[in-house]
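**Q** Please see the structure below; I have some questions.
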Amino acid sequence: MLFTELGLSDPILLAIKEHGYTTPTPIQSQSIPAVLKGGDLLAAAQTGTGKTAGFTLPILQRLIVGAPPVAGSRRAIRALILTPTRELAAQVHESVMTYGKYTKLKSAVIFGGVGPNPQLKAIQSGLDILVATPGRLLDFMSQNAVSLKGVEILVLDEADRMLDMGFLRDIKKILAALPQQRQNLLFSATFSTEIKALADSLLNSPALIEVARSNSTNEAIAQKIHPVDRTAKHPLLAHLIKSNQWEQVLVFTRTKHGANKLVTQLEKDGITCMAIHGNKSQSARTKALADFKAGKLTALIATDIAARGIDIDQLPHVVNYDLPNVPEDYVHRIGRTGRAGSNGVAVSLVCVDEHQMLRDIERLIKQTLPQEVIAGFEPDPHAKPQPIQLRSGQGQGQRQGQGRGQGQASKKQTGNAPRPGNAPRRPQARPARKSS
C-alpha cells in the first residue's frame, strides 16, 4: 500500500513526498482510513511505529475538507491534541507543521516551563490545531484565554503515560469543556486495565487497532545484560563508550539526582553529555536534545518521563544505567533504537539490587536476555542486595529480592504504579505544572 491510496489530498501528499516517504507503516495504513471515516479510535502502538503521522495526517485531511475558515473571521480551535510531556508536544507539533506545510491550516503548541506570552499570542491570533500538555492548557483555560467550544477532534497521545503521571483529573476537566459531539482518538503503548476503563468512558464504539503484540520488543534491537557491581556502573559505562567508540548513546537513570551525578562523572572522563529531566528548564531540555541530535553530545542522560517523546532517527545505542522499576518502561526505553528498519543495541547494566527487576522484565517480554561479564568489571559473587531508592532522599526501598507483587504494587491493583524518578503518588496529589 502507498500513501497515495489512503485518500489524502495533494497538498498533504506533496509534503509526505518531500520527506521521502511513499509507504505507510502498519499503524498508519490502519489508522489513517479509520480516522478519515470520522469515528472514534482506540490504538495501541509502541514507540517508533509512526503513530504520530498516523493521526496528524488524517486530522489535516479532515480539517481541510471540512468547513474551512471564512476569510477575515477568527479561527476556532477544531482539533486538540493532548500529550503528557513538553518534548512529545513539540514533536507532535513539528509533525503537524511538516505535513500541513501546503495547507492553509494554522497550529500552535503550548506547554509549561517557558513564558506564556508567545503561546497566548499564538492562540489569540486564531488556530485550527492546538497541541498541548494538560497543565498549561488548564492554566490558560482558568484565565479564559482559550476556548475549546469548536473542537471537532480530540487526540489523547500516549494516554498510558498521562495516566501514570497523574493527569486523569486534568483530562476530565478538559473533557468537560469540549463539545459533546466530537471525534475521539486515543493512542497508548499498551491496553492496560486503566486505559480500557478510560476508553470505555470516553470513546463511542471505537475502531480498535493493535499493530504489534503488547509489550513485545523489536527484533532489530540487540539486547544485552552486563552484570556489574553497583559502584562500578559509571566506570563500566565510560569504558563501553570509549572502547566501542560510541558516538551517540541515550542513557536512562532511575532518578533526576542520578542523572545529574552521572553527567558530572562522565564529563570528568572527557565524555560530552547533558541531562534531561523534569527539574531542568525547558530551554535547557530543548538545547540538550538539539545538541544530542546534532552530534554535539556523545551521551544524553535521561529519566523516563523526560525521555518520553524523544524521537531520533537511527539512534544506535540505548543504555539502561538503572533498570526501570516498572517492567513496561524497559520496552519503551529500548524502543528508541532500532527504528525505521535500522539496527540498534540496548545494553543494561545490572547490579545485584536489580535481579528481581530483570526477572520481571524477562517475564514481560517472554525471553531470557543474554548476559556478558566485561573483563575488569566482574561483579562480586558475594554481594548482598540493598533497597533501591525511588528518588533521592527517599528512605523507602524497592523489593529487595522480593516478587513484583510484594515489593511493588501492581498497576492493576492501584492504577498508580511508582514511576522511576518519582515518589509513589498520593491519590489526590496533582503533578507539578513544570513537568508538563
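If you're wondering about the labels, chains in the C-alpha cells are A, B, ... by order shown, residues count from 1 in each chain, ligands from 1 in order shown.
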Residues within 10 Å of A:Gln181, please, as a tab-separated table (two decimals) with all heavy atoms, in the first residue's frame. Count only C-alpha atoms; anything in the same chain fewer than 3 positions from it doesn't count.

**A**
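Result file out03.tsv:
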chain	number	residue	atom	x	y	z
A	151	VAL	N	-14.02	22.49	19.16
A	151	VAL	CA	-13.20	21.30	18.91
A	151	VAL	C	-14.03	20.19	18.27
A	151	VAL	O	-15.07	19.79	18.81
A	151	VAL	CB	-12.55	20.81	20.22
A	151	VAL	CG1	-11.89	19.44	20.01
A	151	VAL	CG2	-11.52	21.82	20.71
A	152	GLU	N	-13.56	19.71	17.15
A	152	GLU	CA	-14.22	18.62	16.44
A	152	GLU	C	-13.50	17.28	16.65
A	152	GLU	O	-14.12	16.22	16.57
A	152	GLU	CB	-14.24	18.93	14.93
A	152	GLU	CG	-14.93	20.23	14.56
A	152	GLU	CD	-14.64	20.63	13.12
A	152	GLU	OE1	-14.25	19.74	12.33
A	152	GLU	OE2	-14.77	21.82	12.81
A	153	ILE	N	-12.18	17.35	16.89
A	153	ILE	CA	-11.37	16.14	17.03
A	153	ILE	C	-10.49	16.28	18.27
A	153	ILE	O	-9.80	17.29	18.44
A	153	ILE	CB	-10.48	15.91	15.80
A	153	ILE	CG1	-11.30	15.90	14.52
A	153	ILE	CG2	-9.70	14.60	15.93
A	153	ILE	CD1	-10.45	15.89	13.25
A	178	LEU	N	-15.24	20.49	26.39
A	178	LEU	CA	-15.34	20.18	24.95
A	178	LEU	C	-16.79	19.95	24.54
A	178	LEU	O	-17.62	19.56	25.37
A	178	LEU	CB	-14.51	18.94	24.63
A	178	LEU	CG	-13.01	19.02	24.90
A	178	LEU	CD1	-12.36	17.67	24.62
A	178	LEU	CD2	-12.36	20.11	24.07
A	184	ASN	N	-13.05	11.21	18.91
A	184	ASN	CA	-12.05	10.97	19.93
A	184	ASN	C	-11.05	9.91	19.47
A	184	ASN	O	-11.45	8.83	19.03
A	184	ASN	CB	-12.70	10.49	21.23
A	184	ASN	CG	-13.70	11.49	21.77
A	184	ASN	OD1	-13.35	12.58	22.19
A	184	ASN	ND2	-14.98	11.12	21.74

**Q** Assign secondary structure with DSSP using the backbone only, and return the residues of stretch 23-183 of chain A in strand (DSSP E) as a ChimeraX atom specification.

**A** /A:41-44,79-82,107-110,129-132,153-156,183

**Q** Restricted to N, CA and C atoms, what would the selected residues look like written as a PDB file, in the first residue's frame?

**A**
ATOM      1  N   LEU A  41     -11.459   6.107  17.782  1.00  0.00           N
ATOM      2  CA  LEU A  41     -10.398   5.134  17.548  1.00  0.00           C
ATOM      3  C   LEU A  41      -9.645   4.863  18.846  1.00  0.00           C
ATOM      4  N   LEU A  42      -9.374   3.593  19.106  1.00  0.00           N
ATOM      5  CA  LEU A  42      -8.504   3.175  20.207  1.00  0.00           C
ATOM      6  C   LEU A  42      -7.356   2.391  19.586  1.00  0.00           C
ATOM      7  N   ALA A  43      -6.138   2.919  19.712  1.00  0.00           N
ATOM      8  CA  ALA A  43      -4.995   2.304  19.034  1.00  0.00           C
ATOM      9  C   ALA A  43      -3.861   2.050  20.007  1.00  0.00           C
ATOM     10  N   ALA A  44      -3.296   0.853  19.939  1.00  0.00           N
ATOM     11  CA  ALA A  44      -2.108   0.518  20.714  1.00  0.00           C
ATOM     12  C   ALA A  44      -0.929   0.467  19.763  1.00  0.00           C
ATOM     13  N   ALA A  79      -9.144  21.053  16.294  1.00  0.00           N
ATOM     14  CA  ALA A  79      -8.504  19.800  16.708  1.00  0.00           C
ATOM     15  C   ALA A  79      -7.611  20.081  17.906  1.00  0.00           C
ATOM     16  N   LEU A  80      -7.771  19.274  18.954  1.00  0.00           N
ATOM     17  CA  LEU A  80      -6.971  19.410  20.174  1.00  0.00           C
ATOM     18  C   LEU A  80      -6.200  18.110  20.388  1.00  0.00           C
ATOM     19  N   ILE A  81      -4.874  18.213  20.496  1.00  0.00           N
ATOM     20  CA  ILE A  81      -4.026  17.050  20.716  1.00  0.00           C
ATOM     21  C   ILE A  81      -3.341  17.206  22.063  1.00  0.00           C
ATOM     22  N   LEU A  82      -3.642  16.318  22.999  1.00  0.00           N
ATOM     23  CA  LEU A  82      -3.050  16.361  24.340  1.00  0.00           C
ATOM     24  C   LEU A  82      -1.921  15.352  24.437  1.00  0.00           C
ATOM     25  N   SER A 107      -1.540  26.210  13.307  1.00  0.00           N
ATOM     26  CA  SER A 107      -1.395  25.392  14.502  1.00  0.00           C
ATOM     27  C   SER A 107      -0.449  26.064  15.484  1.00  0.00           C
ATOM     28  N   ALA A 108      -0.495  25.592  16.729  1.00  0.00           N
ATOM     29  CA  ALA A 108       0.412  26.086  17.765  1.00  0.00           C
ATOM     30  C   ALA A 108       0.580  24.997  18.808  1.00  0.00           C
ATOM     31  N   VAL A 109       1.636  25.125  19.604  1.00  0.00           N
ATOM     32  CA  VAL A 109       1.880  24.189  20.693  1.00  0.00           C
ATOM     33  C   VAL A 109       2.055  24.978  21.987  1.00  0.00           C
ATOM     34  N   ILE A 110       1.475  24.475  23.075  1.00  0.00           N
ATOM     35  CA  ILE A 110       1.623  25.129  24.370  1.00  0.00           C
ATOM     36  C   ILE A 110       2.035  24.094  25.413  1.00  0.00           C
ATOM     37  N   ILE A 129      -5.494  23.951  14.875  1.00  0.00           N
ATOM     38  CA  ILE A 129      -4.996  22.797  15.626  1.00  0.00           C
ATOM     39  C   ILE A 129      -4.171  23.286  16.801  1.00  0.00           C
ATOM     40  N   LEU A 130      -4.475  22.771  17.993  1.00  0.00           N
ATOM     41  CA  LEU A 130      -3.703  23.103  19.192  1.00  0.00           C
ATOM     42  C   LEU A 130      -3.128  21.820  19.778  1.00  0.00           C
ATOM     43  N   VAL A 131      -1.803  21.800  19.964  1.00  0.00           N
ATOM     44  CA  VAL A 131      -1.122  20.709  20.649  1.00  0.00           C
ATOM     45  C   VAL A 131      -0.762  21.215  22.038  1.00  0.00           C
ATOM     46  N   ALA A 132      -1.083  20.452  23.082  1.00  0.00           N
ATOM     47  CA  ALA A 132      -0.924  20.983  24.428  1.00  0.00           C
ATOM     48  C   ALA A 132      -0.613  19.892  25.449  1.00  0.00           C
ATOM     49  N   ILE A 153     -12.182  17.352  16.887  1.00  0.00           N
ATOM     50  CA  ILE A 153     -11.373  16.144  17.029  1.00  0.00           C
ATOM     51  C   ILE A 153     -10.492  16.282  18.268  1.00  0.00           C
ATOM     52  N   LEU A 154     -10.523  15.274  19.134  1.00  0.00           N
ATOM     53  CA  LEU A 154      -9.669  15.224  20.324  1.00  0.00           C
ATOM     54  C   LEU A 154      -8.736  14.032  20.200  1.00  0.00           C
ATOM     55  N   VAL A 155      -7.438  14.266  20.469  1.00  0.00           N
ATOM     56  CA  VAL A 155      -6.465  13.180  20.498  1.00  0.00           C
ATOM     57  C   VAL A 155      -5.826  13.126  21.883  1.00  0.00           C
ATOM     58  N   LEU A 156      -5.817  11.960  22.493  1.00  0.00           N
ATOM     59  CA  LEU A 156      -5.027  11.713  23.698  1.00  0.00           C
ATOM     60  C   LEU A 156      -3.849  10.848  23.266  1.00  0.00           C
ATOM     61  N   GLN A 183     -15.007  13.778  17.537  1.00  0.00           N
ATOM     62  CA  GLN A 183     -14.292  12.529  17.276  1.00  0.00           C
ATOM     63  C   GLN A 183     -13.169  12.390  18.296  1.00  0.00           C
TER      64      GLN A 183
END

**Q** Would you pick out the contacts of stretch 372-381 of chain A at 7 Å or less, using only C-alpha atoms, so that residues sharing its chain but fewer than 4 positions from it are not included, and give the list as an NGL selection string?

**A** :A and (225-229 or 232 or 236)

**Q** Next, dump the selected residues to file, keeping only C-alpha atoms, as a PDB file, in the first residue's frame.

**A**
ATOM      1  CA  ILE A 225      22.918  -7.529  30.016  1.00  0.00           C
ATOM      2  CA  HIS A 226      26.250  -6.624  31.637  1.00  0.00           C
ATOM      3  CA  PRO A 227      26.315  -7.799  35.283  1.00  0.00           C
ATOM      4  CA  VAL A 228      28.289  -5.324  37.388  1.00  0.00           C
ATOM      5  CA  ASP A 229      28.615  -4.093  40.971  1.00  0.00           C
ATOM      6  CA  ALA A 232      31.262   0.084  39.109  1.00  0.00           C
ATOM      7  CA  LEU A 236      31.839   0.448  33.093  1.00  0.00           C
TER       8      LEU A 236
END

**Q** Suppose you want the space between atom CA of A:Pro134 and atom CA of A:Met165; what is it in Å?

**A**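 Calculated distance between atom CA of A:Pro134 and atom CA of A:Met165 is 10.9 Å.
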
**Q** I'd like the contact shell of A:Ile64 - 9 Å cut-off, only C-alpha atoms, skipping same-chain residues fewer than 5 positions apart - returned as a ChimeraX atom specification.

**A** /A:9,59,103-105

**Q** Next, dump the selected residues to file, keeping only C-alpha atoms, as a PDB file, in the first residue's frame.

**A**
ATOM      1  CA  SER A   9      -5.235  15.300  -0.652  1.00  0.00           C
ATOM      2  CA  ILE A  59      -6.625  15.115  11.025  1.00  0.00           C
ATOM      3  CA  THR A 103      -2.371  23.515   3.665  1.00  0.00           C
ATOM      4  CA  LYS A 104      -3.739  26.791   4.968  1.00  0.00           C
ATOM      5  CA  LEU A 105      -4.278  25.393   8.455  1.00  0.00           C
TER       6      LEU A 105
END

**Q** Looking at A:Ala15, A:Val114, A:Val96, A:Ile334, which one is nearest to A:Ala222, with distances taken over only C-alpha atoms?

**A** A:Ile334

**Q** Enumerate, as number ranges by chain, the complete set of residues in stretch 4-33 of chain A that a backbone-based DSSP assignment places in alpha helix (DSSP H).

**A** A: 10-18, 26-33

**Q** Rank A:Leu237, A:Leu349, A:Lys280, A:Leu186 by their smallest atom-to-atom distance to A:Pro206, using only C-alpha atoms, and report the top residue only.

**A**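 Answer, going by the shortest atom-to-atom distance: A:Leu186.
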
**Q** Compare A:Gln180, A:Ser192, A:Thr49, A:Thr85 by their minimum atom-to-atom distance to A:Gly278, counting only C-alpha atoms, and give me the closest one.

**A**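 Looking only at the distances to A:Gly278, the closest residue turns out to be A:Thr85.
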
**Q** Choose the residue, out of A:Pro118, A:Pro58, A:Pro84, A:Pro324, that has the smallest atom-to-atom separation from A:Ile388; count only C-alpha atoms.

**A**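 Closest to A:Ile388, using only C-alpha atoms: A:Pro324.
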
**Q** Select, from A:Ala288, A:Ala53, A:Cys351, A:Met141, the residue with the minimum atom-to-atom distance to A:Gln91, counting only C-alpha atoms.

**A**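 The shortest atom-to-atom distance to A:Gln91 comes from A:Ala53.
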